[in-house]
Number of protein chains: 6
Amino acid sequence: MYLRIDKLQFELPQPKERDPNAAATVQELMGGRFGEMSTLMNYTMQSFNFRGKKPLKPYYDLVANIAAEELGHIELVAATINALLAGPDPKDQEVAADPTSTPFDFAKDARNAQNFIAGGPGAMVQDSRNIPWTGDNVFSSGNLVLDMLHNFFLESGARQQKLRVYETVSDPVSKALTGYLLVRGGVHQVAYAKALETLTGANITKMMPVPNIDTAKIPESKRLMDQGIHLKMYRFSPSDYTDMGGIWKGPHPDDGQEVYVTDELPNGGEAVDGGHDSAAFAPEYEMEELMEIAKKLKINI
Amino acid sequence: MYLRIDKLQFELPQPKERDPNAAATVQELMGGRFGEMSTLMNYTMQSFNFRGKKPLKPYYDLVANIAAEELGHIELVAATINALLAGPDPKDQEVAADPTSTPFDFAKDARNAQNFIAGGPGAMVQDSRNIPWTGDNVFSSGNLVLDMLHNFFLESGARQQKLRVYETVSDPVSKALTGYLLVRGGVHQVAYAKALETLTGANITKMMPVPNIDTAKIPESKRLMDQGIHLKMYRFSPSDYTDMGGIWKGPHPDDGQEVYVTDELPNGGEAVDGGHDSAAFAPEYEMEELMEIAKKLKINI
Amino acid sequence: MYLRIDKLQFELPQPKERDPNAAATVQELMGGRFGEMSTLMNYTMQSFNFRGKKPLKPYYDLVANIAAEELGHIELVAATINALLAGPDPKDQEVAADPTSTPFDFAKDARNAQNFIAGGPGAMVQDSRNIPWTGDNVFSSGNLVLDMLHNFFLESGARQQKLRVYETVSDPVSKALTGYLLVRGGVHQVAYAKALETLTGANITKMMPVPNIDTAKIPESKRLMDQGIHLKMYRFSPSDYTDMGGIWKGPHPDDGQEVYVTDELPNGGEAVDGGHDSAAFAPEYEMEELMEIAKKLKINI
Amino acid sequence: MYLRIDKLQFELPQPKERDPNAAATVQELMGGRFGEMSTLMNYTMQSFNFRGKKPLKPYYDLVANIAAEELGHIELVAATINALLAGPDPKDQEVAADPTSTPFDFAKDARNAQNFIAGGPGAMVQDSRNIPWTGDNVFSSGNLVLDMLHNFFLESGARQQKLRVYETVSDPVSKALTGYLLVRGGVHQVAYAKALETLTGANITKMMPVPNIDTAKIPESKRLMDQGIHLKMYRFSPSDYTDMGGIWKGPHPDDGQEVYVTDELPNGGEAVDGGHDSAAFAPEYEMEELMEIAKKLKINI
Amino acid sequence: MYLRIDKLQFELPQPKERDPNAAATVQELMGGRFGEMSTLMNYTMQSFNFRGKKPLKPYYDLVANIAAEELGHIELVAATINALLAGPDPKDQEVAADPTSTPFDFAKDARNAQNFIAGGPGAMVQDSRNIPWTGDNVFSSGNLVLDMLHNFFLESGARQQKLRVYETVSDPVSKALTGYLLVRGGVHQVAYAKALETLTGANITKMMPVPNIDTAKIPESKRLMDQGIHLKMYRFSPSDYTDMGGIWKGPHPDDGQEVYVTDELPNGGEAVDGGHDSAAFAPEYEMEELMEIAKKLKINI
Amino acid sequence: MYLRIDKLQFELPQPKERDPNAAATVQELMGGRFGEMSTLMNYTMQSFNFRGKKPLKPYYDLVANIAAEELGHIELVAATINALLAGPDPKDQEVAADPTSTPFDFAKDARNAQNFIAGGPGAMVQDSRNIPWTGDNVFSSGNLVLDMLHNFFLESGARQQKLRVYETVSDPVSKALTGYLLVRGGVHQVAYAKALETLTGANITKMMPVPNIDTAKIPESKRLMDQGIHLKMYRFSPSDYTDMGGIWKGPHPDDGQEVYVTDELPNGGEAVDGGHDSAAFAPEYEMEELMEIAKKLKINI
């Protein structure tokens with residue numbers, strides 16, 4: 001069972017400009033083989049299918065809890081895509097558009113016109129090729145060592161995609177997103193390495209960092225590491241997953257600091273609201289009509 | 001941001017027998033076009049892409065909160081599939097299997113051998129044809145009326161699939177699952193109908209029930225309706241989504257009782273643990289080895 | 001622009017029994033790479049994309065007209081699948097089913113449970129693996145010789161699939177369907193061979209029959225050939241496609257008889273009506289309710 | 001069974017320029033989830049699978065007849081894509097191209113190079129992402145209320161995609177196409193709303209227009225509405241589907257005028273012929289050679 | 001550039017019976033995510049995309065050479081599927097089948113009727129769900145450590161699938177195939193572990209065996225290990241890939257014996273010839289006709 | 001069983017510039033329906049599934065041997081894509097890139113950002129739409145005439161795609177690739193035509209060339225034809241496939257010269273090495289580190 005809090009895990013900055021192709025690129029982090037839908041659904045299904053929850057509780061807790069964090073990651077990626085599709089001043093799109101003036105003209109040459117035609121504009125469950133995410137991206141074998149090995153590989157591949165997206169899109173909102181995900185994905189990568197080490201005795205962390213670049217070289221990540229965010233395993237539960245500390249302990253391979261489980265949650269941030277986009281008929285009604293509806297439902301805005 | 005609680009929303013009974021084809025059928029409720037992955041991801045993406053969160057807060061709250069409930073639904077479907085794959089006495093599978101005795105022989109003629117070869121055995125993100133769920137099942141148009149209309153249609157289609165799965169699989173665990181989902185999916189179906197009514201003035205609830213059978217005719221649902229579970233919108237949040245009551249109010253179209261939002265959570269239940277399946281090398285280690293690992297990680301079992 | 005006549009091109013016999021796996025097999029002729037959706041959409045798109053309609057009018061007419069006939073073929077295949085899903089006495093399914101008695105129990109072990117869960121029961125746009133037909137099955141190159149060569153290959157492959165489905169399903173409705181499609185598909189195969197011959201001078205018909213079995217060896221086909229149905233190119237238009245005779249002339253490679261274009265249409269037949277299936281909630285209402293609706297809409301039944 | 005007439009349902013204007021990305025965008029109306037392949041195949045399969053044709057004849061007639069109209073819609077979309085790929089003066093492409101001069105150079109940076117490499121150039125059964133249409137876009141549940149609800153949703157979603165394509169592509173041929181489809185799709189949207197109203201008593205038309213913009217605001221649509229084209233249900237049959245008037249009657253929700261069934265067909269228009277495209281080897285032969293072939297087949301051009 | 005030798009890498013025994021569902025299961029090893037098409041194409045693409053071939057020659061040689069071995073593995077899997085489809089005495093199928101006797105009747109209830117309708121009968125590029133293999137199964141990142149980590153994971157996952165197929169299909173030809181692939185796939189698994197160790201210093205081999213069962217417990221594998229086949233890296237080249245020994249050296253983690261590169265090739269074996277299958281029209285001609293063709297082409301049989 | 005030689009079949013020139021969209025276009029020849037993956041896997045599976053290898057040995061030898069040549073073709077296409085992604089001076093990419101400078105900025109607007117994010121940069125098993133190649137592109141029917149007819153069609157379609165790619169990408173490396181493939185694919189096209197002629201007596205070669213342009217009009221092909229490369233069937237085997245000469249004999253339809261089987265192999269060439277791409281972390285290590293690794297493995301560079 002899950003609860004939801006109406007906050008992002010991390011405060012994203014404003015985008016610099018409306019940039020459909022940047023949004024299309026960031027989609028790789030949503031629906032790509034190594035995107036957040038994949039990490040989310042892999043760990044979620046592994047936790048659903050977990051065998052031996054009692055004797056293996058620290059492993060179960062770890063996978064189940066990281067799965068919960070990943071829900072916040074698809075949320076962050078969607079917020080970034082929405083920001084890049086709406087631009088820094090979405091109010092511009094509120095002005096009643098004349099459909100005959102072809103207000104989506106720019107989308108014709110964009111890499112994914114469907115972001116506008118189908119999406120709202122909005123984030124879609126697709127990768128940067130505009131191909132939908134598929135359940136075949138999930139690996140849940142029932143075998144714990146294999147699942148942990150897979151997860152370590154998945155996070156390593158994901159780290160590479162994040163770095164490369166970081167290098168492809170210059171907008172600050174994308175840089176901030178990838179900077180944050182590198183730090184938190186790094187936590188998961190190390191966690192699965194440590195899980196493998198406790199299970200097999202092999203010294204997997206020695207392999208890191210993969211790819212071979214210190215996360216601290218990314219300024220948007222460095223800022224967060226200075227706050228120790230790479231050391232914390234947030235416990236995303238009011239009551240459960242209390243035994244992760246059996247695995248999440250010892251030094252972080254990056255800087256040797258001791259990692260730890262914490263009951264506090266990330267400070268978080270507000271998701272940008274794309275607001276009324278007249279050309280898209282989204283969310284259907286003009287601003288005054290919206291006020292009218294709000295009044296009818298007795299909401300104070 | 002999301003939190004997770006280590007409980008199912010609903011206590012499932014024991015399965016009557018190990019039944020791979022029943023499990024393969026229930027997969028439709030996981031990865032089918034109208035399965036729980038679809039309801040989950042549709043509402044989740046709509047909440048991420050929502051425009052006008054302030055003036056339209058009751059609608060935003062409704063969609064975002066139902067999305068949170070759906071997370072518990074994929075969990076329940078997975079638990080049912082796992083139960084049908086493990087059978088009532090999973091301890092049978094603990095006995096060290098001799099691989100040369102072809103212990104998965106029965107899977108050769110099952111509808112989805114991959115449930116065993118790839119899955120663990122375990123639930124997969126696939127439908128009853130064994131075809132993976134795809135992101136193209138998500139509709140998130142940015143237009144609120146269209147999104148609500150879609151959601152009402154989606155829940156109506158889902159109600160039909162649940163009824164038909166109920167009629168296809170006789171195992172009590174499947175009957176209980178579909179009985180529960182009919183009640184809770186019914187809540188969502190009514191909620192989207194009411195949302196459409198407040199937005200457009202059209203009297204959508206008059207169309208119900210679709211399909212034209214009272215939920216109360218399903219004994220496994222009736223039991224829950226007698227407890228009033230069809231009237232409650234659980235607020236799956238410690239702090240947010242407090243304005244759903246602007247929409248979720250008035251009579252339930254089934255029996256005219258007043259519907260209401262509640263802060264309590266479902267009582268919930270325990271997920272069955274498939275335990276050690278020797279033939280599947282799942283979770284890799286034999287029971288004594290597991291105890292050893294647990295000791296090393298200092299867990300009291 | 002198209003017109004529609006409420007008749008099948010061919011009268012199908014009653015099925016011998018309700019046989020879901022037979023229906024699932026016949027789906028290959030609907031949604032397989034060589035199924036009728038493929039022939040339909042290949043010729044339809046080629047006719048839409050045709051270049052040089054004036055100088056090449058006989059070729060355009062031929063492709064456009066055969067495309068129109070193929071519409072009747074997907075209709076026939078669907079009718080056969082529906083017959084196999086409903087069985088010889090669909091009235092049995094009218095009796096109000098008790099959902100708690102698991103009336104679709106038999107579907108659990110069928111090859112495609114989705115035929116019942118999603119389909120109605122009914123025909124689906126899928127192949128015998130339950131995989132949906134895809135637009136990538138269409139070849140429309142703009143190059144007339146290549147398109148004709150493709151079409152000749154497509155019909156040859158389709159002839160093989162029909163023969164093999166004939167050999168897999170023994171039900172008379174399936175035998176009749178495949179017998180009919182072998183004769184009419186044979187007309188198309190010969191037509192594309194003749195088109196290629198006129199365009200290139202190569203004697204393609206010498207290759208036939210492919211596969212190497214006389215259609216007349218299939219009794220259900222022989223009956224139709226005795227009526228000369230293998231010689232006729234029906235002109236499926238009230239006014240157009242009058243120049244096919246430039247190509248569709250000369251001897252039929254099977255028996256040397258002269259082939260010809262005709263303005264008459266096939267005698268045709270009635271599609272079986274699955275009627276009310278109570279377990280499927282299809283078409284939702286019980287028979288008396290249907291009568292009520294009919295009365296309201298002032299129809300005499 | 002179907003007949004075909006060698007005319008478009010509507011006369012399309014000349015394109016302003018050769019515009020591959022505009023063509024790629026219009027593909028959404030061909031092969032997208034809400035494109036014309038989807039409306040065509042949904043209604044076609046529902047008519048094939050229809051249960052209770054006698055008592056429910058007005059509904060059967062409506063679905064079957066609209067399916068016939070949709071055939072003309074995929075034809076119109078294909079014609080528009082072909083026009084945008086060929087440009088206003090396709091004769092330019094007749095000049096013998098020197099392959100070494102890289103005559104398709106511009107296609108390298110186009111959104112869908114395959115339109116040229118595979119397509120001829122020509123229309124393809126793909127959406128605006130270049131992803132093929134799939135049979136999983138078809139919903140045919142056997143349950144009439146659900147099917148009608150689906151169809152109303154499908155037409156509403158389709159209306160939105162058409163409006164957004166209208167706003168994305170400025171070429172007059174695209175504007176004319178979308179203007180026409182908005183009017184005729186609007187007829188289908190209203191028809192399914194009325195069908196639902198007669199079946200359930202819910203006042204669905206009150207929801208319209210969805211999206212919330214009068215079709216009459218689109219000049220290319222307004223022109224047609226002034227001719228009353230939004231009021232007519234063309235009967236696309238020489239003999240059948242005579243009972244649609246049981247549903248298609250009463251006021252049009254847009255302007256209150258009485259809607260009616262008519263036996264006349266649309267005036268229609270001519271499809272552009274892309275002609276000889278030397279670079280594409282389409283239709284293979286140079287113009288003189290074509291004349292030669294025509295002569296051999298005894299056609300007067 | 002590649003050469004081909006008309007031999008299997010390993011002599012397969014006769015199948016015990018014609019078993020379509022066994023064949024459908026073994027398809028997982030052909031077209032599954034962890035099947036031989038995947039190992040083949042992953043290593044092939046990585047070798048094509050390799051960067052730094054000179055300084056990293058041992059790694060390049062290793063990947064390129066293992067890719068060559070994998071070609072022989074898809075060949076072996078295909079031979080096994082063909083054997084299971086043809087049965088021990090394919091001559092039975094030579095007898096002229098009467099198509100009206102429905103000679104493929106048994107295929108109607110088989111898990112993949114398409115093996116017969118489309119396949120010949122024959123092996124297909126599909127997995128055990130009958131879903132085609134896709135290029136998205138290939139990981140080729142340009143980053144050597146990531147590629148090696150992926151390959152180690154891929155071989156570990158493949159080992160699990162092979163073990164589980166071994167446990168699902170009891171036919172001796174399937175047991176022999178999986179026994180052989182476990183040994184040779186084991187060589188690849190160890191090789192990638194050693195590659196990772198030399199690159200990163202982490203002691204990956206300590207993790208093995210994954211899954212946790214000695215290959216020597218499989219009698220069909222044990223027989224080959226007794227011949228030392230688990231120690232040899234065959235050099236599948238007349239001239240190249242001479243530097244693998246830089247990595248493929250040191251003890252085998254299973255039994256501590258020294259591994260080594262060898263220039264000899266496996267002894268190999270003969271592929272079964274399905275021969276003439278009259279019902280399938282395969283290979284079209286009856287045996288006497290074949291003799292006639294052979295004579296015409298001047299072959300001595 | 002297969003052997004591998006570390007050489008391309010043909011020496012490719014340097015690319016003129018780094019051109020991601022050109023690379024994305026050439027991907028059609030890798031993973032398109034008519035690309036080299038398709039020719040490779042069609043002939044490979046047909047050879048694995050071949051029936052009647054003894055009486056039909058010349059046909060078996062032909063298909064099996066051409067399949068071996070196709071392995072070299074996917075290698076050539078990959079080399080071309082890699083060349084276009086790396087550009088003429090890959091050393092430029094060796095310079096340590098500052099990730100904060102967004103060094104992949106140009107990829108954001110490229111047609112396939114995934115070539116960089118996932119690929120390395122490198123070739124992928126995808127077509128020019130970035131859609132992965134699928135096993136459903138394989139036709140292997142068991143019926144020899146049908147298989148040969150398919151192969152003749154496949155090579156004819158492939159010839160068209162190659163010509164059109166030739167006309168779309170002006171870079172010399174692409175021109176050289178397509179020039180070479182036109183000549184060698186032409187050999188296969190003629191071979192399958194001759195195979196069909198010997199089997200059926202129909203004079204298929206009369207249809208050629210399809211499309212109707214002499215290969216000799218392509219200068220990059222002409223150069224090779226002057227060396228007689230269109231006449232040779234290379235025997236890609238140290239020992240086998242010795243009976244192709246039963247089919248591969250007689251005049252070449254292009255110029256009437258006698259075709260023949262040869263035991264020599266193509267001269268071949270070197271594949272470009274993309275080298276170190278710092279921005280891509282490919283192959284992970286900087287050049288000095290690579291030297292260090294090489295030393296450790298005792299290689300002389």
# chains A, B, ... in the order shown; residues from 1 in each chain; ligands from 1
$ interface_residues --of "chain C" --to "chain E" --cutoff "12 Å" --atoms "only C-alpha atoms" --output "MDAnalysis selection string"
chainID C and resid 19:29 32:35 109:112 127:132 157:172 174:176 178:179 208:221
$ residues_around --residues "range 241-254 of chain E" --least-positions-apart "2" --cutoff "8 Å" --atoms "only C-alpha atoms" --output "PDB file with C-alpha atoms, in the first residue's frame"
ATOM      1  CA  LYS E  57      43.159  -5.859 -28.215  1.00  0.00           C
ATOM      2  CA  PRO E  58      42.642  -8.751 -25.754  1.00  0.00           C
ATOM      3  CA  TYR E  59      39.175  -7.422 -24.946  1.00  0.00           C
ATOM      4  CA  TYR E  60      38.322  -6.852 -28.591  1.00  0.00           C
ATOM      5  CA  ASP E  61      39.571 -10.295 -29.516  1.00  0.00           C
ATOM      6  CA  LEU E  62      37.564 -11.886 -26.725  1.00  0.00           C
ATOM      7  CA  ALA E  64      34.706 -10.679 -31.360  1.00  0.00           C
ATOM      8  CA  ASN E  65      35.632 -14.338 -31.008  1.00  0.00           C
ATOM      9  CA  VAL E 190      33.784 -16.732 -16.675  1.00  0.00           C
ATOM     10  CA  ALA E 191      35.510 -14.899 -19.515  1.00  0.00           C
ATOM     11  CA  LYS E 194      37.847 -12.244 -15.831  1.00  0.00           C
ATOM     12  CA  ALA E 195      37.695  -9.312 -18.228  1.00  0.00           C
ATOM     13  CA  THR E 198      41.494  -7.252 -15.172  1.00  0.00           C
ATOM     14  CA  THR E 205      34.465 -14.654 -10.125  1.00  0.00           C
ATOM     15  CA  LYS E 206      33.875 -14.947  -6.380  1.00  0.00           C
ATOM     16  CA  MET E 208      30.002 -17.662  -9.197  1.00  0.00           C
ATOM     17  CA  PRO E 209      28.266 -19.950  -9.817  1.00  0.00           C
ATOM     18  CA  ASP E 214      27.482 -26.551  -9.965  1.00  0.00           C
ATOM     19  CA  LEU E 231      38.393 -24.893 -20.006  1.00  0.00           C
ATOM     20  CA  MET E 233      38.346 -20.939 -25.518  1.00  0.00           C
ATOM     21  CA  ARG E 235      39.707 -19.591 -31.501  1.00  0.00           C
ATOM     22  CA  SER E 237      39.328 -17.838 -36.807  1.00  0.00           C
ATOM     23  CA  SER E 239      44.136 -16.050 -38.515  1.00  0.00           C
ATOM     24  CA  GLY E 256      40.432 -24.561 -10.298  1.00  0.00           C
ATOM     25  CA  GLN E 257      41.826 -26.071 -13.474  1.00  0.00           C
ATOM     26  CA  GLU E 258      43.784 -23.757 -15.776  1.00  0.00           C
ATOM     27  CA  VAL E 259      41.789 -22.360 -18.674  1.00  0.00           C
ATOM     28  CA  TYR E 260      43.382 -21.902 -22.088  1.00  0.00           C
ATOM     29  CA  VAL E 261      42.888 -20.754 -25.662  1.00  0.00           C
TER      30      VAL E 261
ATOM     31  CA  ASP F   6      39.202  -9.556 -38.641  1.00  0.00           C
ATOM     32  CA  LEU F 297      48.072  -7.599 -20.405  1.00  0.00           C
ATOM     33  CA  LYS F 298      51.469  -7.709 -22.125  1.00  0.00           C
ATOM     34  CA  ILE F 299      50.421  -6.522 -25.534  1.00  0.00           C
TER      35      ILE F 299
END
$ select_by_dssp --residues "range 16-169 of chain E" --states "alpha helix (DSSP H)" --output "ChimeraX atom specification"
/E:20-31,36-48,57-86,114-117,144-168
$ closest_residue --among "B:Met1, B:Met30, B:Leu224, B:Ile81" --to "Val183 in chain B" --atoms "only C-alpha atoms"
B:Leu224
